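Peer 1: Sharing entry-v4.txt here; it has compact mmCIF, C-alpha atoms.
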```txt
# COMPACT_ATOMS: atom_id res chain seq x y z
CA MET A 1 0.00 0.00 0.00
CA PRO A 2 1.42 3.44 -0.90
CA ASP A 3 2.71 5.47 2.03
CA PHE A 4 0.14 8.18 1.42
CA LEU A 5 -2.80 5.78 1.81
CA TRP A 6 -1.26 4.15 4.88
CA LYS A 7 -0.58 7.49 6.53
CA TRP A 8 -4.14 8.72 5.99
CA ARG A 9 -5.89 5.36 6.33
CA ARG A 10 -7.94 6.46 9.35
CA GLU A 11 -9.24 9.57 7.57
CA ILE A 12 -9.93 7.64 4.35
CA ILE A 13 -11.89 4.89 6.13
CA PHE A 14 -13.77 7.51 8.15
CA ALA A 15 -14.70 9.48 5.02
CA LEU A 16 -15.86 6.34 3.19
CA LEU A 17 -17.99 5.09 6.08
CA VAL A 18 -19.49 8.57 6.60
CA LEU A 19 -20.44 8.68 2.93
CA VAL A 20 -22.08 5.25 3.14
CA SER A 21 -24.05 6.21 6.30
CA LEU A 22 -25.11 9.54 4.82
CA GLY A 23 -26.23 7.80 1.65
CA MET A 24 -28.36 5.44 3.71
CA VAL A 25 -29.95 8.22 5.76
CA LEU A 26 -30.71 10.36 2.73
CA SER A 27 -32.09 7.53 0.59
CA LEU A 28 -34.58 6.49 3.23
CA ARG A 29 -37.62 8.08 1.68
CA GLN A 30 -37.29 5.52 -1.09
CA PRO A 31 -35.05 2.74 0.22
CA GLY A 32 -33.49 0.83 -2.63
CA ILE A 33 -33.29 -2.91 -3.06
CA PHE A 34 -29.90 -2.95 -1.30
CA GLY A 35 -31.25 -1.11 1.75
CA ARG A 36 -34.31 -3.36 2.02
CA THR A 37 -32.28 -6.55 1.60
CA LEU A 38 -29.74 -5.42 4.19
CA ARG A 39 -32.46 -4.51 6.70
CA GLN A 40 -34.33 -7.78 6.20
CA THR A 41 -31.18 -9.90 6.40
CA VAL A 42 -29.91 -8.23 9.57
CA SER A 43 -33.40 -8.40 11.12
CA LEU A 44 -33.52 -12.12 10.44
CA VAL A 45 -30.19 -12.59 12.23
CA VAL A 46 -31.01 -10.34 15.21
CA PHE A 47 -34.67 -11.40 15.61
CA PRO A 48 -34.10 -14.70 17.51
CA PHE A 49 -31.75 -12.99 19.99
CA GLN A 50 -34.17 -10.12 20.56
CA LYS A 51 -37.13 -12.47 20.90
CA ALA A 52 -35.30 -14.63 23.44
CA SER A 53 -33.95 -11.66 25.36
CA SER A 54 -37.28 -9.83 25.52
CA SER A 55 -39.03 -13.06 26.65
CA LEU A 56 -36.50 -13.25 29.48
CA VAL A 57 -37.21 -9.65 30.48
CA ARG A 58 -40.97 -10.24 30.31
CA THR A 59 -40.71 -13.37 32.45
CA ALA A 60 -38.65 -11.53 35.06
CA GLN A 61 -41.08 -8.61 35.07
CA GLY A 62 -43.98 -11.07 35.34
CA TRP A 63 -42.48 -12.68 38.43
CA VAL A 64 -41.77 -9.34 40.09
CA SER A 65 -45.28 -8.12 39.37
CA PHE A 66 -46.76 -11.46 40.56
CA PHE A 67 -45.09 -11.23 43.97
CA THR A 68 -45.75 -7.52 44.44
CA SER A 69 -49.45 -7.76 43.56
CA LEU A 70 -50.27 -11.13 45.10
CA SER A 71 -52.62 -9.68 47.71
CA SER A 72 -54.72 -7.68 45.27
CA LEU A 73 -54.97 -10.44 42.64
CA ARG A 74 -58.06 -12.16 44.09
CA ARG A 75 -60.03 -8.91 44.34
CA GLU A 76 -58.91 -7.86 40.86
CA ASN A 77 -59.93 -11.26 39.49
CA GLN A 78 -63.44 -10.91 40.90
CA GLU A 79 -63.79 -7.40 39.49
CA LEU A 80 -62.58 -8.51 36.06
CA SER A 81 -64.95 -11.51 36.02
CA SER A 82 -67.93 -9.29 36.68
CA GLN A 83 -66.68 -6.81 34.06
CA VAL A 84 -66.34 -9.61 31.47
CA GLU A 85 -69.97 -10.62 32.06
CA LYS A 86 -71.18 -7.05 31.59
CA LEU A 87 -69.04 -6.51 28.49
CA SER A 88 -70.17 -9.79 26.92
CA LEU A 89 -73.77 -8.69 27.22
CA ARG A 90 -72.95 -5.26 25.85
CA ASN A 91 -70.98 -6.83 23.00
CA GLN A 92 -74.01 -8.91 22.05
CA LEU A 93 -76.20 -5.81 21.88
CA LEU A 94 -73.59 -3.93 19.84
CA ARG A 95 -73.27 -6.82 17.39
CA GLU A 96 -76.98 -6.71 16.83
CA GLN A 97 -76.86 -2.93 16.29
CA ALA A 98 -73.91 -3.31 13.88
CA ARG A 99 -75.86 -5.91 11.90
CA GLU A 100 -78.86 -3.59 11.68
CA ASN A 101 -76.62 -0.66 10.73
CA GLU A 102 -74.96 -2.68 7.97
CA GLN A 103 -78.37 -3.75 6.65
CA LEU A 104 -79.58 -0.14 6.54
CA ARG A 105 -76.40 1.01 4.82
CA THR A 106 -76.86 -1.67 2.17
CA GLU A 107 -80.48 -0.62 1.65
CA LEU A 108 -79.40 3.03 1.28
CA GLU A 109 -76.59 1.92 -1.10
CA TYR A 110 -73.84 3.52 1.03
CA LYS A 111 -70.23 2.71 0.18
CA ARG A 112 -69.18 -0.43 2.02
CA ARG A 113 -66.86 0.30 4.93
CA THR A 114 -63.63 -1.53 5.53
CA GLU A 115 -63.84 -4.43 7.97
CA TRP A 116 -60.82 -4.85 10.23
CA SER A 117 -59.22 -7.78 11.93
CA PHE A 118 -56.84 -7.36 14.85
CA LEU A 119 -53.49 -9.11 15.05
CA PRO A 120 -51.94 -9.11 18.55
CA ALA A 121 -48.25 -8.18 18.57
CA GLU A 122 -45.66 -7.96 21.35
CA VAL A 123 -42.83 -5.46 21.53
CA ILE A 124 -39.49 -7.26 21.26
CA ALA A 125 -37.20 -4.26 20.95
CA ARG A 126 -37.08 -0.57 21.70
CA ASP A 127 -34.26 1.84 22.29
CA PRO A 128 -35.01 4.22 25.17
CA VAL A 129 -32.04 6.44 24.35
CA SER A 130 -33.08 6.89 20.73
CA TRP A 131 -34.66 10.20 19.74
CA LEU A 132 -36.99 8.38 17.37
CA GLU A 133 -40.14 6.94 18.93
CA ARG A 134 -40.22 3.52 17.32
CA VAL A 135 -40.55 -0.05 18.54
CA VAL A 136 -40.08 -3.46 16.93
CA VAL A 137 -42.89 -6.01 17.25
CA ASP A 138 -42.85 -9.77 16.73
CA ARG A 139 -45.18 -9.83 13.71
CA GLY A 140 -44.07 -9.43 10.12
CA SER A 141 -44.97 -10.02 6.51
CA THR A 142 -45.49 -13.74 7.15
CA ASP A 143 -48.41 -12.74 9.43
CA GLY A 144 -49.91 -10.46 6.79
CA VAL A 145 -48.57 -7.17 8.18
CA THR A 146 -47.84 -4.54 5.54
CA ALA A 147 -46.11 -1.16 5.71
CA GLY A 148 -48.73 1.41 6.66
CA SER A 149 -50.88 -0.93 8.79
CA GLY A 150 -52.33 0.86 11.82
CA ALA A 151 -51.34 -0.13 15.36
CA ILE A 152 -53.76 0.39 18.24
CA THR A 153 -54.22 -0.52 21.91
CA PRO A 154 -57.48 -0.81 23.88
CA ALA A 155 -56.85 2.82 24.93
CA GLY A 156 -56.63 4.18 21.37
CA VAL A 157 -54.36 4.89 18.41
CA ALA A 158 -50.74 3.86 18.97
CA GLY A 159 -49.03 4.39 15.60
CA ARG A 160 -48.46 2.78 12.25
CA VAL A 161 -46.17 0.16 10.77
CA GLN A 162 -43.14 1.76 9.15
CA ASP A 163 -41.03 -1.19 7.93
CA VAL A 164 -41.86 -4.85 7.59
CA ASN A 165 -39.51 -7.82 7.76
CA PRO A 166 -40.52 -11.48 7.47
CA PHE A 167 -40.93 -12.01 11.25
CA SER A 168 -40.89 -8.51 12.70
CA ALA A 169 -42.09 -5.00 11.95
CA THR A 170 -41.19 -1.48 13.07
CA VAL A 171 -44.05 0.57 14.52
CA MET A 172 -43.66 4.34 14.42
CA LEU A 173 -45.47 5.56 17.54
CA MET A 174 -47.93 8.47 17.43
CA VAL A 175 -45.52 10.61 19.49
CA ASP A 176 -42.76 10.32 16.85
CA SER A 177 -42.14 13.72 15.28
CA GLN A 178 -42.80 12.28 11.82
CA SER A 179 -46.13 10.61 12.54
CA SER A 180 -49.52 12.07 11.62
CA VAL A 181 -53.15 10.93 11.46
CA ALA A 182 -56.42 12.56 10.42
CA GLY A 183 -58.59 13.30 13.43
CA TRP A 184 -61.54 15.34 14.59
CA VAL A 185 -62.86 16.76 17.82
CA GLU A 186 -65.55 14.35 18.99
CA ARG A 187 -67.80 17.08 20.44
CA SER A 188 -67.71 19.73 17.69
CA LYS A 189 -66.60 17.62 14.68
CA VAL A 190 -63.76 20.02 13.86
CA HIS A 191 -61.30 18.33 11.50
CA GLY A 192 -57.51 18.51 11.72
CA THR A 193 -54.32 16.51 11.53
CA VAL A 194 -52.76 15.12 14.69
CA LYS A 195 -48.96 15.04 14.65
CA GLY A 196 -46.31 13.70 17.01
CA THR A 197 -43.89 16.13 18.61
CA GLY A 198 -41.07 13.82 19.70
CA GLU A 199 -42.12 14.49 23.30
CA ASP A 200 -44.95 13.03 25.37
CA THR A 201 -47.58 15.28 23.76
CA LEU A 202 -49.31 15.54 20.39
CA ARG A 203 -50.26 18.58 18.29
CA MET A 204 -53.41 19.08 16.26
CA VAL A 205 -52.71 21.27 13.24
CA TYR A 206 -54.61 22.77 10.29
CA VAL A 207 -57.46 23.95 12.49
CA ALA A 208 -58.58 27.48 11.63
CA GLY A 209 -58.76 30.14 14.36
CA GLY A 210 -62.29 30.56 15.68
CA GLU A 211 -63.15 26.87 15.46
CA ASP A 212 -64.88 25.38 18.48
CA VAL A 213 -62.13 23.49 20.34
CA ARG A 214 -61.78 23.53 24.14
CA ALA A 215 -59.45 22.03 26.72
CA GLY A 216 -60.81 18.65 27.77
CA ASP A 217 -62.25 17.78 24.33
CA ARG A 218 -61.51 14.30 23.06
CA VAL A 219 -59.95 13.93 19.60
CA VAL A 220 -60.70 10.71 17.70
CA THR A 221 -59.82 9.32 14.27
CA SER A 222 -61.99 10.74 11.50
CA HIS A 223 -63.59 9.14 8.46
CA LEU A 224 -60.79 10.71 6.38
CA SER A 225 -58.26 8.31 7.88
CA THR A 226 -57.48 5.35 5.66
CA LEU A 227 -55.34 3.55 8.23
CA PHE A 228 -57.77 3.49 11.14
CA PRO A 229 -61.50 3.00 11.60
CA ALA A 230 -63.28 6.23 12.57
CA GLY A 231 -63.90 6.98 16.24
CA LEU A 232 -60.73 5.57 17.84
CA PRO A 233 -59.44 7.82 20.65
CA ILE A 234 -56.21 9.70 19.88
CA GLY A 235 -55.87 12.17 22.74
CA ASP A 236 -57.46 14.81 24.95
CA VAL A 237 -57.01 18.54 24.36
CA VAL A 238 -54.90 20.13 27.10
CA SER A 239 -54.42 23.61 25.65
CA VAL A 240 -55.68 25.76 22.78
CA ALA A 241 -53.86 28.91 21.70
CA PRO A 242 -53.58 30.97 18.51
CA ALA A 243 -50.69 29.79 16.34
CA GLU A 244 -47.78 32.14 15.53
CA ASN A 245 -49.31 33.16 12.19
CA GLY A 246 -52.57 34.09 13.94
CA LEU A 247 -54.72 32.26 11.38
CA MET A 248 -54.63 28.78 12.86
CA LEU A 249 -54.94 27.24 16.31
CA ASP A 250 -52.05 25.61 18.17
CA ILE A 251 -53.72 22.67 19.93
CA ARG A 252 -51.83 20.42 22.33
CA LEU A 253 -53.12 16.94 23.17
CA LYS A 254 -52.31 14.39 25.83
CA PRO A 255 -52.23 10.97 24.11
CA CYS A 256 -54.73 8.35 25.29
CA VAL A 257 -52.04 5.65 25.09
CA ASP A 258 -49.21 5.39 27.64
CA PHE A 259 -46.39 4.85 25.14
CA LYS A 260 -43.61 4.44 27.70
CA ASN A 261 -45.07 1.26 29.19
CA GLN A 262 -46.88 -0.21 26.21
CA ASP A 263 -45.55 -3.64 25.29
CA ARG A 264 -48.53 -5.03 23.38
CA PHE A 265 -50.31 -3.70 20.30
CA LEU A 266 -53.06 -4.78 17.95
CA ILE A 267 -52.13 -4.46 14.29
CA LEU A 268 -55.09 -3.54 12.08
CA LEU A 269 -55.47 -5.65 8.96
CA PRO A 270 -58.20 -4.79 6.47
CA GLU A 271 -60.40 -7.78 5.69
CA ASN A 272 -61.88 -6.60 2.41
CA MET B 273 -9.10 -9.11 21.44
CA SER B 274 -10.13 -11.09 18.37
CA VAL B 275 -12.47 -9.79 15.70
CA VAL B 276 -14.98 -12.57 16.50
CA LEU B 277 -15.08 -11.51 20.14
CA ILE B 278 -15.57 -7.87 19.16
CA ALA B 279 -18.42 -8.87 16.81
CA LEU B 280 -20.06 -10.91 19.58
CA PHE B 281 -19.77 -8.05 22.08
CA THR B 282 -21.22 -5.65 19.50
CA LEU B 283 -24.20 -7.95 18.95
CA LEU B 284 -24.62 -8.38 22.71
CA ALA B 285 -24.52 -4.62 23.31
CA VAL B 286 -27.19 -4.01 20.65
CA VAL B 287 -29.48 -6.84 21.84
CA LEU B 288 -29.23 -5.73 25.49
CA GLN B 289 -29.73 -2.10 24.51
CA THR B 290 -32.94 -2.84 22.61
CA THR B 291 -34.44 -5.37 25.03
CA TRP B 292 -33.13 -4.90 28.58
CA VAL B 293 -32.38 -1.22 28.98
CA HIS B 294 -36.04 -0.18 28.68
CA ALA B 295 -36.97 -2.50 31.55
CA LEU B 296 -34.19 -1.09 33.73
CA SER B 297 -34.67 2.56 32.79
CA ILE B 298 -35.68 5.18 35.33
CA ALA B 299 -38.07 7.96 34.24
CA GLY B 300 -37.69 6.79 30.64
CA LEU B 301 -33.91 7.12 30.74
CA GLY B 302 -31.29 4.41 30.71
CA PRO B 303 -27.68 3.93 29.65
CA ASP B 304 -26.49 3.70 26.06
CA LEU B 305 -24.55 0.43 26.06
CA VAL B 306 -23.71 0.65 22.36
CA LEU B 307 -22.06 4.05 22.78
CA LEU B 308 -20.11 2.77 25.80
CA TRP B 309 -18.88 -0.22 23.83
CA VAL B 310 -17.86 1.84 20.80
CA LEU B 311 -15.98 4.26 23.07
CA TYR B 312 -14.21 1.36 24.77
CA VAL B 313 -12.98 -0.07 21.48
CA ALA B 314 -12.02 3.34 20.07
CA LEU B 315 -10.11 4.41 23.17
CA ARG B 316 -8.46 1.14 24.11
CA ARG B 317 -7.89 -0.77 20.87
CA GLN B 318 -6.29 -0.27 17.46
CA THR B 319 -7.09 2.80 15.40
CA THR B 320 -9.20 1.86 12.38
CA LEU B 321 -10.96 -0.98 14.21
CA GLY B 322 -12.84 1.62 16.28
CA LEU B 323 -14.32 3.13 13.13
CA TRP B 324 -15.48 -0.23 11.78
CA VAL B 325 -17.02 -1.16 15.13
CA ALA B 326 -18.77 2.24 15.34
CA PHE B 327 -20.21 1.84 11.86
CA SER B 328 -21.38 -1.75 12.26
CA ALA B 329 -22.73 -1.24 15.80
CA GLY B 330 -24.64 1.87 14.69
CA LEU B 331 -26.10 0.13 11.67
CA LEU B 332 -27.08 -2.88 13.75
CA GLN B 333 -28.70 -0.60 16.34
CA ASP B 334 -30.63 1.25 13.62
CA ILE B 335 -32.03 -1.96 12.24
CA ALA B 336 -32.60 -3.74 15.56
CA ALA B 337 -34.45 -0.79 17.12
CA GLY B 338 -36.37 0.14 13.97
CA GLY B 339 -34.62 3.47 13.55
CA ARG B 340 -33.46 5.29 10.44
CA MET B 341 -30.85 3.15 8.74
CA GLY B 342 -27.46 4.84 8.80
CA PHE B 343 -28.36 7.47 11.40
CA ASN B 344 -26.75 5.88 14.47
CA ALA B 345 -23.90 4.60 12.32
CA PHE B 346 -23.25 8.19 11.33
CA LEU B 347 -23.36 9.49 14.92
CA LEU B 348 -21.16 6.76 16.35
CA LEU B 349 -18.63 7.22 13.54
CA GLY B 350 -18.33 10.88 14.53
CA VAL B 351 -17.81 9.99 18.19
CA ALA B 352 -15.32 7.20 17.37
CA TYR B 353 -13.29 9.47 15.10
CA VAL B 354 -12.97 12.20 17.74
CA ALA B 355 -12.12 9.53 20.35
CA LEU B 356 -9.40 8.09 18.11
CA TYR B 357 -8.05 11.53 17.33
CA LEU B 358 -7.77 12.51 21.00
CA ARG B 359 -6.89 9.05 22.29
CA ARG B 360 -3.28 9.75 23.15
CA ARG B 361 -4.14 12.91 25.05
CA PHE B 362 -6.36 11.17 27.58
CA VAL B 363 -5.15 9.64 30.80
CA GLN B 364 -7.42 6.63 31.08
CA ASP B 365 -6.07 4.81 34.11
CA ASN B 366 -7.80 7.08 36.55
CA PHE B 367 -11.44 6.36 37.52
CA ILE B 368 -12.38 10.05 37.58
CA SER B 369 -10.79 10.72 34.20
CA GLN B 370 -12.72 7.79 32.70
CA LEU B 371 -15.92 9.18 34.17
CA LEU B 372 -15.21 12.60 32.64
CA ILE B 373 -14.31 11.08 29.26
CA VAL B 374 -17.58 9.12 29.14
CA LEU B 375 -19.50 12.23 30.22
CA GLY B 376 -17.86 14.37 27.54
CA PHE B 377 -18.38 11.89 24.73
CA THR B 378 -22.01 11.31 25.69
CA TRP B 379 -22.65 15.04 25.41
CA LEU B 380 -20.88 15.05 22.02
CA HIS B 381 -23.03 12.11 20.86
CA GLN B 382 -26.22 13.84 22.00
CA PHE B 383 -25.21 17.12 20.41
CA LEU B 384 -24.53 15.38 17.09
CA ALA B 385 -27.91 13.63 17.38
CA LEU B 386 -29.72 16.95 17.93
CA PHE B 387 -27.85 18.64 15.11
CA TRP B 388 -28.48 15.90 12.56
CA LEU B 389 -32.08 15.28 13.57
CA ASN B 390 -32.90 18.95 13.12
CA THR B 391 -30.94 19.44 9.90
CA LEU B 392 -30.80 16.09 8.12
CA LEU B 393 -34.18 14.65 9.08
CA GLY B 394 -36.14 17.88 9.39
CA ALA B 395 -37.24 17.30 12.99
CA SER B 396 -37.67 20.26 15.32
CA LEU B 397 -36.67 19.01 18.75
CA PRO B 398 -36.93 21.72 21.40
CA PHE B 399 -33.61 22.55 23.07
CA GLY B 400 -35.05 22.26 26.59
CA ILE B 401 -36.25 18.70 26.03
CA TRP B 402 -32.89 17.78 24.49
CA LEU B 403 -30.99 19.27 27.42
CA GLY B 404 -33.00 17.29 29.99
CA ARG B 405 -32.57 13.99 28.19
CA ALA B 406 -28.90 14.55 27.41
CA ALA B 407 -28.20 15.41 31.06
CA GLY B 408 -30.02 12.31 32.35
CA LEU B 409 -28.35 10.04 29.84
CA SER B 410 -24.84 11.37 30.46
CA LEU B 411 -25.34 10.86 34.19
CA PHE B 412 -26.26 7.19 33.60
CA GLN B 413 -23.29 6.78 31.27
CA ALA B 414 -20.81 8.39 33.63
CA LEU B 415 -21.95 6.23 36.53
CA LEU B 416 -21.93 2.99 34.57
CA GLY B 417 -19.08 3.50 32.07
CA PRO B 418 -15.99 3.31 34.32
CA TRP B 419 -17.31 0.20 36.13
CA LEU B 420 -18.11 -1.47 32.83
CA TYR B 421 -14.63 -0.69 31.50
CA LEU B 422 -13.04 -1.99 34.68
CA GLY B 423 -14.95 -5.26 34.33
CA LEU B 424 -14.11 -5.57 30.63
CA ASP B 425 -10.41 -4.84 31.27
CA GLN B 426 -10.22 -7.44 34.04
CA TRP B 427 -12.01 -10.09 32.01
CA LEU B 428 -9.98 -9.46 28.84
CA ASN B 429 -6.67 -9.38 30.72
CA LEU B 430 -7.59 -12.63 32.42
CA ARG B 431 -8.52 -14.18 29.09
CA GLU B 432 -5.28 -13.11 27.42
CA ASP B 433 -3.11 -14.01 30.43
CA PRO B 434 -4.70 -16.60 32.77
CA HIS B 435 -1.75 -16.26 35.17
CA ALA B 436 -2.64 -12.64 35.85
CA HIS B 437 -5.60 -13.74 37.95
CA HIS B 438 -3.47 -16.24 39.82
CA LEU B 439 -0.85 -13.59 40.57
CA ARG B 440 -3.43 -11.11 41.74
CA LEU B 441 -5.05 -13.63 44.03
CA ASN B 442 -1.71 -14.28 45.61
```
Write the structure described by the file as structure tokens, please.
Peer 2:
Amino acid sequence: MPDFLWKWRREIIFALLVLVSLGMVLSLRQPGIFGRTLRQTVSLVVFPFQKASSSLVRTAQGWVSFFTSLSSLRRENQELSSQVEKLSLRNQLLREQARENEQLRTELEYKRRTEWSFLPAEVIARDPVSWLERVVVDRGSTDGVTAGSGAITPAGVAGRVQDVNPFSATVMLMVDSQSSVAGWVERSKVHGTVKGTGEDTLRMVYVAGGEDVRAGDRVVTSHLSTLFPAGLPIGDVVSVAPAENGLMLDIRLKPCVDFKNQDRFLILLPEN
Amino acid sequence: MSVVLIALFTLLAVVLQTTWVHALSIAGLGPDLVLLWVLYVALRRQTTLGLWVAFSAGLLQDIAAGGRMGFNAFLLLGVAYVALYLRRRFVQDNFISQLLIVLGFTWLHQFLALFWLNTLLGASLPFGIWLGRAAGLSLFQALLGPWLYLGLDQWLNLREDPHAHHLRLN
């Protein structure tokens, strides 16, 4: 190797690796075949280790929680049993109403709505020191998950699937600064777009000044959303103020989902 | 330290970072094991190896945690390069100096992250939020780093020279 290359080898390697990393970051809007193959291959290698390691963590957490909540388990069990009975009855009534609703929609020749099925998924990896609010779940393309699928919890909207590998998928959480979903204020039906901020709060944007939005209002997914069924809770309004330009409102929301401690999601898969 | 061992430690650091650290974190903050490992290799081992480890560990972390591919690789490369450049100027035998080195490099890593997130990826992270997280993280790192390095040094020395343990015990 020429002396020049040997002398500057550290700088040359650094420059080359920086160029490769920069190329990867900048080409992410449309990842090429190389990027996709690399991601899928590495995911396949890392997945078993992550799955095993996260199972270990979950088992340990389960034992700790079992011993710390032993005394309240019996009472909680009784409460849950009675709740299940009530909810089963309510579910039966709602099914009947849904059937009637569907029949009426057909008679009125309304456009058929998307039916959804729910795929349970467990979080196998997350990086708490990362600035990006994303998690990896143990469901992938082999389970029918596609990029763009919605992710929810019983509390409300959680995020959407960003990347899919054969056995795992990356979910971009609602609080990620690049996430957005169409929503409306449940009470006044004011439309807007809910965006993540990278913090623990959400922002509702594109709402004109003078619209009827108050602190305490619940914001839910609207019919304009193609990823989620309408009516799923997103967050509650905590503050409303005029935006800097004076034309729009700056609305802050507290998310319905506790993202820090969420380790299970339901992935939405359209049935028709 | 063989390349295979370094690769195994890199994989271990990434797997633990993405699965265990969240469970052990306090107020949403935990240590960055991958950064600690990259710093260890860059400061203690041969020159260009630190860059390769930084790149591969960052890329692995990006993919394993579902982040933007290349982003962590880019950040860790920056940290590893500065660490390699300043390597000879640091006194690393002292516990306090190790603590300060880890503290300083964690702040550098966080500053690079803020800079590139806001410029390269178009995010708009508020400075106050960044400051709080960076301070919490660097505290974790500074408390854990020197102990981790001590353990790694002892284990690696023992592995390379089994008599060292025997001599110390006597």
Peer 1: Show me a table, sorted first by chain and then by increasing residue number, of the residues of chain B having an atom at most 6 Å from chain A, each with its shortest atom pair and the distance in Å to one decimal, counting only C-alpha atoms and written as CSV.
Peer 2:
```
residue,atom,partner,partner_atom,distance
B:Val287,CA,A:Gln50,CA,5.9
B:Thr290,CA,A:Ala125,CA,4.8
B:Thr291,CA,A:Ala125,CA,5.0
B:His294,CA,A:Pro128,CA,5.7
B:Thr320,CA,A:Arg10,CA,5.7
B:Ala337,CA,A:Arg126,CA,5.3
B:Gly338,CA,A:Thr170,CA,5.2
B:Met341,CA,A:Val25,CA,5.9
B:Gly342,CA,A:Ser21,CA,4.4
B:Phe343,CA,A:Val25,CA,5.9
B:Phe346,CA,A:Ser21,CA,5.5
```
Peer 1: At what distance in Å, to one decimal, does atom CA of A:Gln262 lie from atom CA of A:Gly150?
Peer 2: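 Computing it gives 15.4 Å between the two atoms.
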Peer 1: With a distance cut-off of 6 Å and only C-alpha atoms, select the neighbouring residues of stretch 210-222 of chain A, excluding the residue or stretch itself and same-chain residues fewer than 4 positions from it, and output the selection as a ChimeraX atom specification.
Peer 2: /A:182-186,230-239
Peer 1: Which one of A:Gly209, A:Gln83, A:Pro166, A:Arg264 sits closest to A:Glu244 if you count only C-alpha atoms?
Peer 2: A:Gly209
Peer 1: With a distance cut-off of 7 Å and all atoms listed in the file, select the neighbouring residues of A:Ile152, excluding the residue or stretch itself and same-chain residues fewer than 5 positions from it, and output the selection as a list in words.
Peer 2: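 Selected residues are Val157, Ala158, Gly159, Phe265, Leu266 and Ile267 of chain A.
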Peer 1: Export C-alpha atoms of the chosen residues as an mmCIF file, keeping the file's coordinate frame?
Peer 2:
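Wrote it out as again32.cif, contents follow:
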```cif
data_model
loop_
_atom_site.group_PDB
_atom_site.id
_atom_site.type_symbol
_atom_site.label_atom_id
_atom_site.label_comp_id
_atom_site.auth_asym_id
_atom_site.auth_seq_id
_atom_site.Cartn_x
_atom_site.Cartn_y
_atom_site.Cartn_z
ATOM 1 C CA VAL A 157 -54.360 4.890 18.410
ATOM 2 C CA ALA A 158 -50.740 3.860 18.970
ATOM 3 C CA GLY A 159 -49.030 4.390 15.600
ATOM 4 C CA PHE A 265 -50.310 -3.700 20.300
ATOM 5 C CA LEU A 266 -53.060 -4.780 17.950
ATOM 6 C CA ILE A 267 -52.130 -4.460 14.290
#
```
Peer 1: For atom CA of A:Ala241 and atom CA of B:Trp402, quote the distance in Å rounded to one decimal.
Peer 2: 23.9 Å
Peer 1: Interatomic distance between atom CA of A:Leu173 and atom CA of A:Phe259?
Peer 2: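 Going from atom CA of A:Leu173 over to atom CA of A:Phe259 covers 7.7 Å.
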Peer 1: Using all atoms listed in the file, find the one residue out of B:Leu422, B:Leu389, B:Ile278, B:Leu308 that sits nearest to B:Ile373.
Peer 2: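 Among B:Leu422, B:Leu389, B:Ile278, B:Leu308, it is B:Leu308 that comes nearest to B:Ile373.
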Peer 1: Using all atoms listed in the file for the distances, tell me which of B:Leu411, B:Leu430, B:Leu384, B:Val275 is nearest to B:Leu301.
Peer 2: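 For B:Leu301, the nearest of the candidates is B:Leu411.
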Peer 1: With distances taken over all atoms listed in the file, which of B:Tyr421, B:Tyr312, B:Phe362, B:Phe377 is nearest to B:Leu347?
Peer 2: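 When distances to B:Leu347 are compared using all atoms listed in the file, the smallest one comes from B:Phe377.
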